[in-house]
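Engineer: File run-v9.txt below, compact mmCIF, C-alpha atoms:
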```
# COMPACT_ATOMS: atom_id res chain seq x y z
CA MET A 271 2.87 10.47 -4.23
CA ALA A 272 0.78 10.40 -7.41
CA LEU A 273 -2.90 10.06 -6.56
CA THR A 274 -5.85 10.33 -8.89
CA ASP A 275 -8.62 12.81 -8.10
CA THR A 276 -10.82 9.90 -7.06
CA GLN A 277 -8.19 8.56 -4.67
CA TYR A 278 -7.58 12.01 -3.18
CA ASP A 279 -11.32 12.58 -2.73
CA GLU A 280 -11.65 9.23 -0.95
CA ILE A 281 -8.99 10.24 1.57
CA MET A 282 -10.55 13.65 2.18
CA LEU A 283 -13.94 12.00 2.73
CA MET A 284 -12.25 9.84 5.36
CA TYR A 285 -11.03 12.97 7.16
CA ASP A 286 -14.50 14.49 6.92
CA ARG A 287 -16.00 11.37 8.54
CA ARG A 288 -13.37 11.46 11.29
CA GLN A 289 -14.10 15.09 12.06
CA LYS A 290 -17.85 14.48 12.24
CA GLU A 291 -17.49 11.37 14.41
CA ASN A 292 -15.10 13.12 16.80
CA ARG A 293 -17.37 16.16 16.96
CA ILE A 294 -20.32 13.93 17.89
CA LEU A 295 -18.22 12.19 20.55
CA MET A 296 -17.12 15.53 21.97
CA GLU A 297 -20.77 16.71 22.17
CA GLN A 298 -21.75 13.49 23.94
CA ARG A 299 -18.99 13.99 26.48
CA ARG A 300 -20.02 17.59 27.03
CA ASP A 301 -23.67 16.63 27.56
CA GLU A 302 -22.59 13.92 30.02
CA ILE A 303 -20.41 16.30 32.05
CA TYR A 304 -22.93 19.15 32.03
CA SER A 305 -25.56 16.75 33.36
CA THR A 306 -23.26 15.28 36.02
CA LEU A 307 -21.35 18.45 36.94
CA PRO A 308 -23.51 21.58 36.31
CA ARG A 309 -20.76 23.82 37.68
CA ILE A 310 -18.61 22.98 34.62
CA ALA A 311 -21.40 24.21 32.34
CA GLU A 312 -21.36 27.46 34.29
CA ILE A 313 -17.56 27.68 33.99
CA ASP A 314 -17.71 27.23 30.20
CA ARG A 315 -20.32 29.98 29.92
CA GLU A 316 -18.21 32.30 32.09
CA ILE A 317 -15.10 31.57 30.01
CA ALA A 318 -16.99 32.29 26.78
CA SER A 319 -18.33 35.57 28.15
CA SER A 320 -14.95 36.58 29.54
CA SER A 321 -13.21 35.80 26.23
CA ILE A 322 -15.64 38.05 24.37
CA GLN A 323 -14.97 40.85 26.86
CA ALA A 324 -11.22 40.37 26.46
CA ALA A 325 -11.50 40.56 22.66
CA ARG A 326 -13.55 43.74 22.87
CA ALA A 327 -11.10 45.28 25.32
CA GLY A 328 -8.24 44.49 22.98
CA LEU A 329 -10.01 46.22 20.10
CA ARG A 330 -10.65 49.29 22.29
CA GLY A 331 -7.00 49.40 23.29
CA SER A 332 -7.57 48.47 26.94
CA PRO A 333 -4.81 45.94 27.68
CA GLY A 334 -5.48 46.00 31.43
CA THR A 335 -9.05 44.77 31.02
CA ALA A 336 -7.91 42.11 28.52
CA ASN A 337 -5.22 40.82 30.91
CA THR A 338 -7.72 40.68 33.78
CA ALA A 339 -10.05 38.58 31.64
CA LYS A 340 -7.22 36.21 30.68
CA GLU A 341 -6.27 35.74 34.34
CA ARG A 342 -9.91 35.05 35.19
CA ASN A 343 -10.12 32.45 32.43
CA SER A 344 -6.97 30.74 33.66
CA THR A 345 -8.48 30.47 37.16
CA LEU A 346 -11.71 29.04 35.73
CA LEU A 347 -9.80 26.46 33.63
CA ASP A 348 -7.90 25.32 36.72
CA GLU A 349 -11.19 24.88 38.57
CA LYS A 350 -12.64 22.95 35.64
CA GLU A 351 -9.71 20.51 35.47
CA ARG A 352 -9.83 20.06 39.26
CA LEU A 353 -13.53 19.18 39.16
CA LEU A 354 -12.97 16.69 36.34
CA ALA A 355 -10.12 15.03 38.21
CA GLU A 356 -12.12 14.83 41.46
CA HIS A 357 -14.84 12.90 39.60
CA GLY A 358 -12.46 10.54 37.80
CA TYR A 359 -12.23 12.26 34.41
CA PRO A 360 -8.97 13.11 32.60
CA ALA A 361 -8.12 16.81 32.40
CA ASP A 362 -8.56 16.87 28.59
CA TYR A 363 -11.91 15.05 28.61
CA LEU A 364 -13.77 18.06 27.20
CA LYS A 365 -11.07 19.24 24.79
CA PRO A 366 -11.46 18.73 21.01
CA ILE A 367 -10.92 15.11 19.95
CA TYR A 368 -8.57 14.27 17.08
CA THR A 369 -7.78 10.86 15.62
CA CYS A 370 -4.42 12.27 14.52
CA PRO A 371 -2.97 14.75 17.02
CA LEU A 372 -0.34 15.88 14.50
CA CYS A 373 -2.63 17.36 11.84
CA HIS A 374 -5.90 17.56 13.81
CA ASP A 375 -7.53 15.39 11.12
CA THR A 376 -6.82 17.77 8.25
CA GLY A 377 -4.20 15.66 6.48
CA ARG A 378 -1.55 18.38 6.54
CA THR A 379 1.06 19.69 8.92
CA GLY A 380 2.00 23.10 7.56
CA GLN A 381 2.55 22.75 3.82
CA ALA A 382 3.39 19.03 3.92
CA TYR A 383 1.15 16.00 3.96
CA CYS A 384 0.81 14.44 7.41
CA SER A 385 2.08 10.91 8.02
CA CYS A 386 -1.53 9.77 8.50
CA PHE A 387 -2.38 11.07 4.99
CA LYS A 388 0.53 9.15 3.51
CA GLN A 389 -0.55 5.98 5.31
CA ALA A 390 -4.12 6.41 4.05
CA ALA A 391 -2.82 6.83 0.51
CA ILE A 392 -0.70 3.70 0.82
CA SER A 393 -3.72 1.75 2.05
CA ILE A 394 -5.69 2.85 -1.02
CA LEU A 395 -2.82 1.93 -3.31
CA TYR A 396 -2.59 -1.52 -1.73
CA ARG A 397 -6.29 -2.11 -2.23
CA GLN A 398 -6.38 -0.87 -5.80
CA SER A 399 -3.25 -2.79 -6.76
CA THR A 400 -5.26 -6.03 -6.20
CA LEU A 401 -2.39 -7.29 -4.01
CA GLU A 402 -3.57 -6.28 -0.53
CA ARG A 403 -3.88 -9.77 1.01
CA ILE A 404 -1.07 -11.39 -0.95
CA LEU A 405 1.54 -8.88 0.20
CA GLU A 406 0.96 -9.77 3.84
CA THR A 407 3.01 -12.92 3.18
CA GLU A 408 4.85 -12.28 -0.09
CA ASN A 409 7.52 -9.69 0.55
CA PHE A 410 11.32 -9.44 0.70
CA ASP A 411 11.39 -10.40 4.38
CA ARG A 412 9.80 -13.76 3.54
CA PHE A 413 11.79 -14.60 0.43
CA GLU A 414 13.72 -17.81 1.24
CA LEU A 415 16.83 -18.62 -0.76
CA ASP A 416 17.21 -21.96 1.03
CA TYR A 417 14.73 -23.57 -1.37
CA TYR A 418 17.14 -23.09 -4.29
CA PRO A 419 19.74 -25.89 -4.73
CA LYS A 420 23.39 -25.04 -4.18
CA GLN A 421 24.54 -27.91 -6.39
CA ALA A 422 25.72 -27.10 -9.91
CA ASP A 423 24.08 -28.61 -12.96
CA ALA A 424 25.34 -29.15 -16.49
CA ALA A 425 22.93 -26.68 -18.08
CA HIS A 426 23.85 -23.52 -16.18
CA THR A 427 27.00 -21.62 -15.25
CA PHE A 428 25.71 -20.68 -11.80
CA THR A 429 23.83 -22.77 -9.26
CA SER A 430 20.17 -21.82 -8.91
CA TYR A 431 20.99 -20.59 -5.39
CA ASP A 432 23.66 -18.19 -6.67
CA GLN A 433 21.44 -17.12 -9.56
CA MET A 434 18.53 -16.30 -7.27
CA ARG A 435 20.75 -14.53 -4.75
CA ASN A 436 21.98 -12.32 -7.61
CA ILE A 437 18.44 -11.68 -8.87
CA LEU A 438 17.25 -10.90 -5.34
CA HIS A 439 20.09 -8.41 -4.88
CA LYS A 440 19.38 -6.68 -8.19
CA THR A 441 15.63 -6.47 -7.65
CA LYS A 442 16.15 -4.91 -4.24
CA LYS A 443 18.42 -2.32 -5.88
CA PHE A 444 15.68 -1.81 -8.50
CA THR A 445 13.23 -0.77 -5.78
CA GLU A 446 15.78 1.38 -3.93
CA ALA A 447 16.71 3.31 -7.09
CA PHE A 448 13.20 3.30 -8.54
CA ASP A 449 12.60 7.06 -8.35
CA LYS A 450 15.92 7.90 -9.99
CA GLU A 451 16.30 5.07 -12.51
CA GLY A 452 12.98 3.25 -12.98
CA GLY A 453 13.38 0.54 -15.60
CA ASN A 454 11.65 -2.66 -16.72
CA LEU A 455 12.15 -6.30 -15.75
CA LEU A 456 11.44 -9.62 -17.49
CA PHE A 457 11.31 -12.77 -15.34
CA TYR A 458 11.22 -16.02 -17.30
CA GLY A 459 11.46 -19.66 -16.36
CA GLU A 460 9.35 -22.68 -15.55
CA THR A 461 6.44 -22.53 -13.15
CA GLY A 462 6.99 -22.59 -9.39
CA LEU A 463 10.39 -20.90 -9.32
CA GLY A 464 9.42 -17.68 -7.52
CA LYS A 465 8.76 -15.26 -10.39
CA THR A 466 5.37 -14.12 -9.11
CA PHE A 467 6.56 -14.12 -5.50
CA LEU A 468 9.48 -11.84 -6.35
CA SER A 469 7.22 -9.55 -8.39
CA ASN A 470 5.03 -9.21 -5.31
CA CYS A 471 8.07 -8.43 -3.16
CA ILE A 472 8.90 -5.53 -5.47
CA ALA A 473 5.26 -4.41 -5.46
CA LYS A 474 5.13 -4.25 -1.67
CA ALA A 475 8.42 -2.36 -1.39
CA LEU A 476 7.15 0.28 -3.83
CA LEU A 477 3.64 0.48 -2.39
CA ASP A 478 5.13 1.03 1.05
CA THR A 479 6.94 4.09 -0.29
CA GLY A 480 3.77 5.54 -1.81
CA HIS A 481 4.13 4.41 -5.43
CA THR A 482 1.21 3.26 -7.54
CA VAL A 483 1.35 -0.41 -8.53
CA LEU A 484 -1.09 -2.50 -10.54
CA TYR A 485 -0.93 -6.29 -10.77
CA GLN A 486 -2.72 -8.08 -13.60
CA SER A 487 -2.54 -11.68 -14.72
CA ALA A 488 -2.23 -11.82 -18.50
CA ILE A 489 -5.51 -13.72 -18.84
CA HIS A 490 -7.47 -11.18 -16.79
CA LEU A 491 -5.75 -8.22 -18.44
CA PHE A 492 -6.50 -9.13 -22.03
CA GLU A 493 -9.59 -11.33 -21.83
CA GLU A 494 -11.49 -9.20 -19.32
CA VAL A 495 -10.16 -5.65 -18.86
CA CYS A 496 -8.94 -4.85 -22.38
CA ALA A 497 -11.73 -6.80 -24.07
CA ASP A 498 -14.35 -5.10 -21.90
CA VAL A 499 -13.11 -1.59 -22.69
CA ARG A 500 -11.82 -1.86 -26.24
CA MET A 501 -14.68 -3.99 -27.53
CA LYS A 502 -17.15 -1.85 -25.56
CA LYS A 503 -18.74 -4.77 -23.75
CA ASN A 504 -19.02 -2.73 -20.53
CA LEU A 505 -19.61 -5.84 -18.44
CA ARG A 506 -17.45 -4.73 -15.52
CA PRO A 507 -18.02 -1.30 -13.89
CA ASP A 508 -14.36 -1.00 -12.85
CA SER A 509 -12.83 -1.89 -16.22
CA GLN A 510 -12.52 1.72 -17.40
CA ASP A 511 -10.64 2.75 -14.24
CA THR A 512 -8.38 -0.29 -14.43
CA TYR A 513 -7.68 0.32 -18.10
CA ARG A 514 -6.62 3.92 -17.44
CA TYR A 515 -4.51 2.72 -14.52
CA LEU A 516 -2.61 0.40 -16.91
CA TYR A 517 -1.03 3.48 -18.44
CA ASP A 518 -0.81 5.76 -15.41
CA CYS A 519 0.51 3.62 -12.55
CA ASP A 520 4.18 3.83 -11.57
CA LEU A 521 4.64 0.07 -11.92
CA LEU A 522 2.57 -2.39 -13.93
CA ILE A 523 3.05 -6.11 -13.28
CA ILE A 524 1.87 -8.47 -16.04
CA ASP A 525 2.00 -11.97 -14.60
CA ASP A 526 2.02 -15.24 -16.57
CA LEU A 527 2.37 -13.69 -20.00
CA GLY A 528 1.70 -16.44 -22.52
CA THR A 529 -1.20 -18.05 -20.69
CA GLU A 530 -3.67 -15.78 -22.49
CA TYR A 531 -5.20 -16.65 -25.85
CA THR A 532 -2.96 -14.75 -28.25
CA ASN A 533 -4.46 -13.17 -31.34
CA SER A 534 -4.11 -9.90 -33.27
CA PHE A 535 -6.20 -8.02 -30.68
CA VAL A 536 -4.05 -9.19 -27.76
CA SER A 537 -0.82 -8.48 -29.63
CA SER A 538 -2.01 -4.99 -30.50
CA GLU A 539 -3.06 -4.25 -26.91
CA LEU A 540 0.18 -5.64 -25.46
CA TYR A 541 2.30 -3.56 -27.82
CA ASP A 542 0.30 -0.41 -27.09
CA ILE A 543 0.58 -0.87 -23.31
CA LEU A 544 4.31 -1.62 -23.35
CA ASN A 545 5.18 1.04 -25.91
CA THR A 546 3.10 3.79 -24.29
CA ARG A 547 4.50 3.05 -20.84
CA MET A 548 8.10 3.02 -22.11
CA ARG A 549 7.63 6.35 -23.90
CA ALA A 550 6.14 7.81 -20.70
CA GLY A 551 9.02 6.50 -18.57
CA LYS A 552 6.71 4.13 -16.66
CA SER A 553 8.08 0.82 -15.36
CA THR A 554 6.75 -2.64 -16.14
CA ILE A 555 7.52 -6.13 -14.87
CA ILE A 556 6.62 -9.13 -17.01
CA SER A 557 6.77 -12.70 -15.75
CA THR A 558 6.34 -15.67 -18.05
CA ASN A 559 6.77 -19.44 -18.10
CA LEU A 560 7.91 -19.19 -21.73
CA ASN A 561 11.60 -19.23 -22.62
CA LEU A 562 13.08 -16.53 -24.83
CA GLN A 563 12.66 -18.53 -28.03
CA GLU A 564 9.03 -19.27 -27.20
CA LEU A 565 8.43 -15.58 -26.57
CA THR A 566 9.92 -14.75 -29.95
CA ASP A 567 7.79 -17.37 -31.68
CA ARG A 568 4.58 -16.30 -29.96
CA TYR A 569 4.74 -12.50 -30.21
CA SER A 570 5.56 -10.10 -33.00
CA ASP A 571 9.04 -8.74 -33.58
CA ARG A 572 7.99 -5.24 -32.58
CA ILE A 573 7.00 -6.60 -29.14
CA THR A 574 9.93 -8.91 -28.45
CA THR A 575 12.62 -6.57 -29.79
CA ARG A 576 11.36 -3.83 -27.47
CA ILE A 577 11.29 -6.19 -24.50
CA PHE A 578 14.78 -7.57 -25.12
CA ALA A 579 16.17 -4.08 -25.73
CA GLU A 580 14.46 -2.19 -22.90
CA TYR A 581 14.06 -4.81 -20.15
CA LYS A 582 16.55 -6.35 -17.76
CA VAL A 583 16.09 -10.07 -18.36
CA PHE A 584 16.37 -12.58 -15.51
CA SER A 585 16.34 -16.35 -15.96
CA PHE A 586 14.77 -18.43 -13.16
CA TYR A 587 15.75 -22.08 -12.88
CA GLY A 588 16.07 -24.79 -10.28
CA GLU A 589 13.62 -26.91 -8.32
CA ASN A 590 9.90 -26.17 -8.17
CA ILE A 591 9.54 -24.22 -4.91
CA ARG A 592 5.95 -25.27 -4.32
CA LEU A 593 6.89 -28.94 -4.50
CA ALA A 594 9.94 -28.37 -2.30
CA LYS A 595 7.81 -26.63 0.35
CA ARG A 596 5.25 -29.41 0.23
CA ARG A 597 7.97 -32.02 0.66
CA ARG A 598 9.48 -30.14 3.58
CA SER A 599 6.06 -29.83 5.20
CA ILE A 600 5.45 -33.56 4.86
CA GLN A 601 8.91 -34.34 6.25
CA ASN A 602 8.36 -32.01 9.19
CA GLY A 603 5.00 -33.65 9.82
CA LYS A 604 6.60 -37.10 9.84
CA SER A 605 9.37 -35.88 12.17
CA ASN A 606 6.82 -34.40 14.57
CA TYR A 607 4.80 -37.63 14.45
CA SER A 608 7.90 -39.75 15.14
CA ALA A 609 8.96 -37.48 18.00
CA GLY A 610 5.46 -37.63 19.47
CA ALA A 611 5.31 -41.41 19.19
CA GLU A 612 8.72 -41.75 20.82
CA GLN A 613 7.61 -39.49 23.66
CA LEU A 614 4.54 -41.64 24.23
CA ARG A 615 6.64 -44.81 24.27
CA SER A 616 9.15 -43.35 26.69
CA GLY A 617 6.37 -41.85 28.83
```
Written as structure tokens, how would this file's structure read?

Structural biologist:
Amino acid sequence: MALTDTQYDEIMLMYDRRQKENRILMEQRRDEIYSTLPRIAEIDREIASSSIQAARAGLRGSPGTANTAKERNSTLLDEKERLLAEHGYPADYLKPIYTCPLCHDTGRTGQAYCSCFKQAAISILYRQSTLERILETENFDRFELDYYPKQADAAHTFTSYDQMRNILHKTKKFTEAFDKEGGNLLFYGETGLGKTFLSNCIAKALLDTGHTVLYQSAIHLFEEVCADVRMKKNLRPDSQDTYRYLYDCDLLIIDDLGTEYTNSFVSSELYDILNTRMRAGKSTIISTNLNLQELTDRYSDRITTRIFAEYKVFSFYGENIRLAKRRRSIQNGKSNYSAGAEQLRSG
């Protein structure tokens, strides 16, 4: 799991806060019990004194004295738990409090990162990918092939349903083999055919396995982030971090390529991003409403030849999914209205 120093520090600060909050809670519990049950305060003092005596006896080589102290402590602990239970408190009420019982809020179990550390890292990656809310609904589990027509058309060899089923299968394999194979994807086709949705599905699958993913619309990428950093406008405090992340993240998604205002600056930045990432073995997904000829006409040869040579290219076609969903929603609404009206008439 590749985290920046800033991301790692954020997680460790979270653990530090947890430890402090749990320590305060433990002190509040102790004060409450000592006030309500003074005998427990006495027991704790006796245990502390007895433990010191046992340690000293061990150092002096007096195992008998040490064993006697341990037996005494065991008796005192039993009395303490009995008193707590008699007054309605759980036996562990005064024991150290941990949010994660596996790592005791340290982030590690032995030499490995704890599962809670990995989850915290994934949460940070979600947030910094700019996709946190979107991925709640746009993921492989919610991708619906039923919106793609199963009827053939004269322009394509495969139906849009079969085409999308094939693309869905291959993109799932892309995420499953990501660590071993990586690779780059180009999604092209008219608007509303699921290119962005499928990109988000891939993003979620990789984020959930601890990979770093950054989503950028082409307009925002070039007209805000790159312009802010490269032209030294410094209008956005997070632009520098985002710009570095363009080159470092495991997967970069550039959405709606072609909607930006294309000039020599944009072409230069696009080439540098794609070329640097390819040389570093970093993966990129590009989605565009342009067809392949329009891409060739719009961008330089050094950009398009690299894309066509290094990217797996997927063509999206069929019916506009947004319009199809809207139609289905309207039809369902009419059906529900008719059913309700019929129920009223029959009632």

Engineer: Just to confirm, what's the straight-line distance from CA of Phe584 in chain A to CA of Phe457 in chain A in Å (one decimal)?

Structural biologist: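 The value is 5.1 Å.
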
Engineer: Name the residues in contact with range 462-464 of chain A at a cut-off of 12 Å, using only C-alpha atoms, excluding same-chain residues fewer than 6 positions from it; report them as a VMD selection string.

Structural biologist: chain A and resid 408 to 410 412 to 415 417 to 419 430 to 431 433 to 434 437 to 438 470 to 471 525 to 526 557 to 559 584 to 596

Engineer: Using all atoms listed in the file, list the residues that have an atom at most 10 Å from (-1.8, 3.9, -15.2), coordinates as in the file, as an mmCIF file with C-alpha atoms, in the coordinates of the input.

Structural biologist:
```
data_model
loop_
_atom_site.group_PDB
_atom_site.id
_atom_site.type_symbol
_atom_site.label_atom_id
_atom_site.label_comp_id
_atom_site.auth_asym_id
_atom_site.auth_seq_id
_atom_site.Cartn_x
_atom_site.Cartn_y
_atom_site.Cartn_z
ATOM 1 C CA THR A 274 -5.850 10.330 -8.890
ATOM 2 C CA THR A 482 1.210 3.260 -7.540
ATOM 3 C CA VAL A 483 1.350 -0.410 -8.530
ATOM 4 C CA LEU A 484 -1.090 -2.500 -10.540
ATOM 5 C CA ASP A 511 -10.640 2.750 -14.240
ATOM 6 C CA THR A 512 -8.380 -0.290 -14.430
ATOM 7 C CA TYR A 513 -7.680 0.320 -18.100
ATOM 8 C CA ARG A 514 -6.620 3.920 -17.440
ATOM 9 C CA TYR A 515 -4.510 2.720 -14.520
ATOM 10 C CA LEU A 516 -2.610 0.400 -16.910
ATOM 11 C CA TYR A 517 -1.030 3.480 -18.440
ATOM 12 C CA ASP A 518 -0.810 5.760 -15.410
ATOM 13 C CA CYS A 519 0.510 3.620 -12.550
ATOM 14 C CA ASP A 520 4.180 3.830 -11.570
ATOM 15 C CA LEU A 521 4.640 0.070 -11.920
ATOM 16 C CA LEU A 522 2.570 -2.390 -13.930
ATOM 17 C CA ILE A 543 0.580 -0.870 -23.310
ATOM 18 C CA ARG A 547 4.500 3.050 -20.840
ATOM 19 C CA LYS A 552 6.710 4.130 -16.660
#
```

Engineer: To one decimal place in Å, what is the distance between CA of Ser537 in chain A and CA of Phe492 in chain A?

Structural biologist: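 Between these atoms lies a distance of 9.5 Å.
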
Engineer: Between CA of Met282 in chain A and CA of Thr376 in chain A, what is the distance, to one decimal in Å?

Structural biologist: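 CA of Thr376 in chain A lies at a distance of 8.2 Å from CA of Met282 in chain A.
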
Engineer: Taking all atoms of range 293-296 of chain A that the file lists, what box with edges along x, y and z, padded by 4 Å per side, do you get, with centre and edge lengths in Å to one decimal, as lines of an AutoDock Vina configuration file?

Structural biologist:
```
center_x = -18.7
center_y = 14.2
center_z = 19.5
size_x = 11.2
size_y = 12.0
size_z = 13.0
```

Engineer: Select, from A:Leu295, A:Ala382, A:Leu354, A:Ile322, the residue with the minimum atom-to-atom distance to Leu307 in chain A, counting all atoms listed in the file.

Structural biologist: A:Leu354

Engineer: Please provide the set of residues having any atom within 10 Å of Leu565 in chain A, restricted to all atoms listed in the file, with same-chain residues fewer than 5 positions apart removed, written as a PDB file with C-alpha atoms, keeping the file's coordinate frame.

Structural biologist:
```
ATOM      1  CA  TYR A 458      11.220 -16.020 -17.300  1.00  0.00           C
ATOM      2  CA  LEU A 527       2.370 -13.690 -20.000  1.00  0.00           C
ATOM      3  CA  GLY A 528       1.700 -16.440 -22.520  1.00  0.00           C
ATOM      4  CA  THR A 558       6.340 -15.670 -18.050  1.00  0.00           C
ATOM      5  CA  ASN A 559       6.770 -19.440 -18.100  1.00  0.00           C
ATOM      6  CA  LEU A 560       7.910 -19.190 -21.730  1.00  0.00           C
ATOM      7  CA  SER A 570       5.560 -10.100 -33.000  1.00  0.00           C
ATOM      8  CA  ASP A 571       9.040  -8.740 -33.580  1.00  0.00           C
ATOM      9  CA  ILE A 573       7.000  -6.600 -29.140  1.00  0.00           C
ATOM     10  CA  THR A 574       9.930  -8.910 -28.450  1.00  0.00           C
TER      11      THR A 574
END
```

Engineer: Using all atoms listed in the file, which of the listed residues (A:Lys440, A:Gly377, A:Cys496, A:Ser305) sits closest to Ala390 in chain A?

Structural biologist: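 Among the listed residues, A:Gly377 lies closest to Ala390 in chain A.
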
Engineer: Mind checking which residues fall within 8 Å of range 360-363 of chain A, counting only C-alpha atoms, ignoring those fewer than 4 positions away in the same chain, and posting them as a list in words?

Structural biologist: Arg299, Glu351, Arg352, Leu354 and Ala355 of chain A

Engineer: Do a neighbour search on Asn343 in chain A at 12 Å with all atoms listed in the file, toss out local chain neighbours closer than 2 positions, and write the hits as an NGL selection string.

Structural biologist: :A and (313-324 or 336-341 or 345-350)
